[in-house]
Amino acid sequence: MLRALEQAGGAVDDCADVAPWALSDDELLASLDATHAVAQRLATVQLGLVRELDARGLAVARGASSTAVWLRERLRLSGRSARQLVELAAAIDAAPSAVRDAMRTGAITVEQGRVLAETIAALPAEAGPEVADKATQLLVAWADRFDPAILRRLGERVLTHVAPDLADQAELAALERAADRAEARRHVTLSDQQDGQVRLSGSLDTETASLLREAIGPLCAPAGAHDDRSPGQRRADALGEICRLALRTGHLPDSGGDRPQLVVTVSLDALVNGVRAGALETGAHLTPGAVRRLACDAAVLPAVLGGNSQVLDVGRQRRLFTGPLRRALVLRDGGCAFPGCDRPSRWCDGHHVQHWADGGATALGNAVLLCGHHHRLLHQGDWTVRIAGDGQADFLPPSWLDPLRTPRRNLYHRRC
């Protein structure tokens with residue numbers, strides 16, 4: 001084998017000496033196909049060697065704690081890649097010979113081989129060898145047309161084609177196993193980062209994930225023509241909106257004797273002049289702009305401090321648009337008042353046109369309903385809002401968008 005591999009290495013050298021730009025279009029495409037096929041066949045040979053080395057315990061005999069650790073050092077792989085190589089070698093070794101033969105001839109790729117091996121291994125024991133052989137033949141035939149992702153989905157239904165009498169029972173059993181695994185592994189983790197971010201990671205079962213998709217789905221659509229957020233940013237903002245909505249309902253269980261509420265601590269000077277950060281109960285800090293924006297939110301309790309940390313105010317009720325005042329605001333604006341936005345009123349906060357920290361009154365004539373995205377946009381300062389003589393909100397675009405700054409209104413919620 002070593003001599004054959006040395007000859008293969010020489011052939012690779014010959015290929016590397018050929019400049020790709022000198023190839024015709026047909027030669028370039030054919031060479032790409034041939035290179036991929038040879039690479040997959042060589043990878044299959046490597047998997048066989050790794051499996052034999054692991055079976056012999058050669059790495060452990062040479063002082064390594066495992067085959068993966070030994071491969072990591074010898075082949076200069078990452079630990080994850082080394083573990084995956086050992087696991088894949090074992091899976092392919094346990095697969096039917098038809099799968100290994102197809103990989104050796106280049107009929108299927110290594111990724112497809114993994115899918116086939118895992119699919120066959122997952123067949124119920126009652127299916128028997130004959131059904132497994134039929135499933136293998138069908139999957140190998142499908143591999144000629146489908147990529148690994150589609151092939152895996154087809155594999156989940158392969159019994160429907162080769163053993164219909166077992167398909168429903170096997171599918172239900174597989175679904176229950178998957179649900180049990182998902183429930184056991186469910187978790188959500190919030191990890192503080194060094195760059196002012198918090199990493200959200202986790203795993204949800206299908207039912208919970210469906211609830212989350214349904215909840216954030218209506219909030220993930222672009223909020224008008226001026227929304228340049230990426231889909232990922234819109235999903236992140238939507239999750240925040242759902243949390244604000246939950247806090248506003250007042251139906252969450254008490255936490256330490258109080259209803260859950262975000263508390264932002266800030267000095268009076270910092271709030272009025274916007275020159276210093278605010279602090280959360282967790283110790284995390286917020287920018288001055290974020291503090292002023294959150295001060296509009298009924299789900300957030302501002303704790304305003306004077307000199308020597310004297311508490312001047314902990315959520316003055318007059319700053320909040322609640323009760324009859326909020327109902328009047330909802331009747332007037334109907335939803336987010338920003339031009340072109342279709343967000344309903346229940347997803348909106350009351351915003352002081354003249355900020356309450358600057359002496360602005362909590363009154364209908366100084367208020368406008370804004371969704372989370374447009375609330376942030378307005379606090380960034382490019383757009384401004386004013387209440388016109390007819391009591392409706394006019395939004396003035398930034399000069400870079402409209403040099404004349406022509407006032408605009410939201411006509412989406414207008415009642416005829």
# chains A, B, ... in the order shown; residues from 1 in each chain; ligands from 1
$ residues_around --residues "region 396-408 of chain A" --least-positions-apart "6" --cutoff "6 Å" --atoms "only C-alpha atoms" --output "list of chain:residue names"
A:Asp382, A:Trp383, A:Thr384
$ residues_around --residues "region 241-243 of chain A" --least-positions-apart "5" --cutoff "9 Å" --atoms "only C-alpha atoms" --output "list in words"
Ala215, Ile216, Leu219, Ala236, Arg248, Trp347, Cys348, Cys371 and Gly372 of chain A
$ write_last_selection --atoms "N, CA, C and O atoms" --output "tab-separated table (two decimals), in the first residue's frame"
chain	number	residue	atom	x	y	z
A	215	ALA	N	-43.94	33.04	18.20
A	215	ALA	CA	-43.97	34.26	18.98
A	215	ALA	C	-43.15	35.38	18.34
A	215	ALA	O	-43.58	36.53	18.32
A	216	ILE	N	-41.97	35.04	17.82
A	216	ILE	CA	-41.11	36.10	17.27
A	216	ILE	C	-41.35	36.33	15.78
A	216	ILE	O	-40.95	37.36	15.25
A	219	LEU	N	-42.69	39.59	14.56
A	219	LEU	CA	-41.80	40.71	14.85
A	219	LEU	C	-40.52	40.69	14.03
A	219	LEU	O	-39.69	41.59	14.15
A	236	ALA	N	-33.06	38.83	16.92
A	236	ALA	CA	-32.58	39.24	18.25
A	236	ALA	C	-33.48	40.33	18.83
A	236	ALA	O	-33.86	40.28	20.01
A	248	ARG	N	-44.69	43.55	30.54
A	248	ARG	CA	-45.80	44.50	30.61
A	248	ARG	C	-47.10	43.84	31.03
A	248	ARG	O	-48.01	44.52	31.53
A	347	TRP	N	-47.17	45.82	20.91
A	347	TRP	CA	-45.72	45.66	20.80
A	347	TRP	C	-45.01	47.01	20.88
A	347	TRP	O	-43.83	47.10	20.55
A	348	CYS	N	-45.70	48.04	21.32
A	348	CYS	CA	-45.13	49.39	21.29
A	348	CYS	C	-45.02	49.99	22.69
A	348	CYS	O	-45.76	49.65	23.60
A	371	CYS	N	-42.59	51.07	18.09
A	371	CYS	CA	-42.11	49.69	18.30
A	371	CYS	C	-40.65	49.76	18.75
A	371	CYS	O	-40.00	50.81	18.70
A	372	GLY	N	-40.13	48.63	19.18
A	372	GLY	CA	-38.77	48.62	19.71
A	372	GLY	C	-37.73	49.11	18.72
A	372	GLY	O	-36.83	49.89	19.07
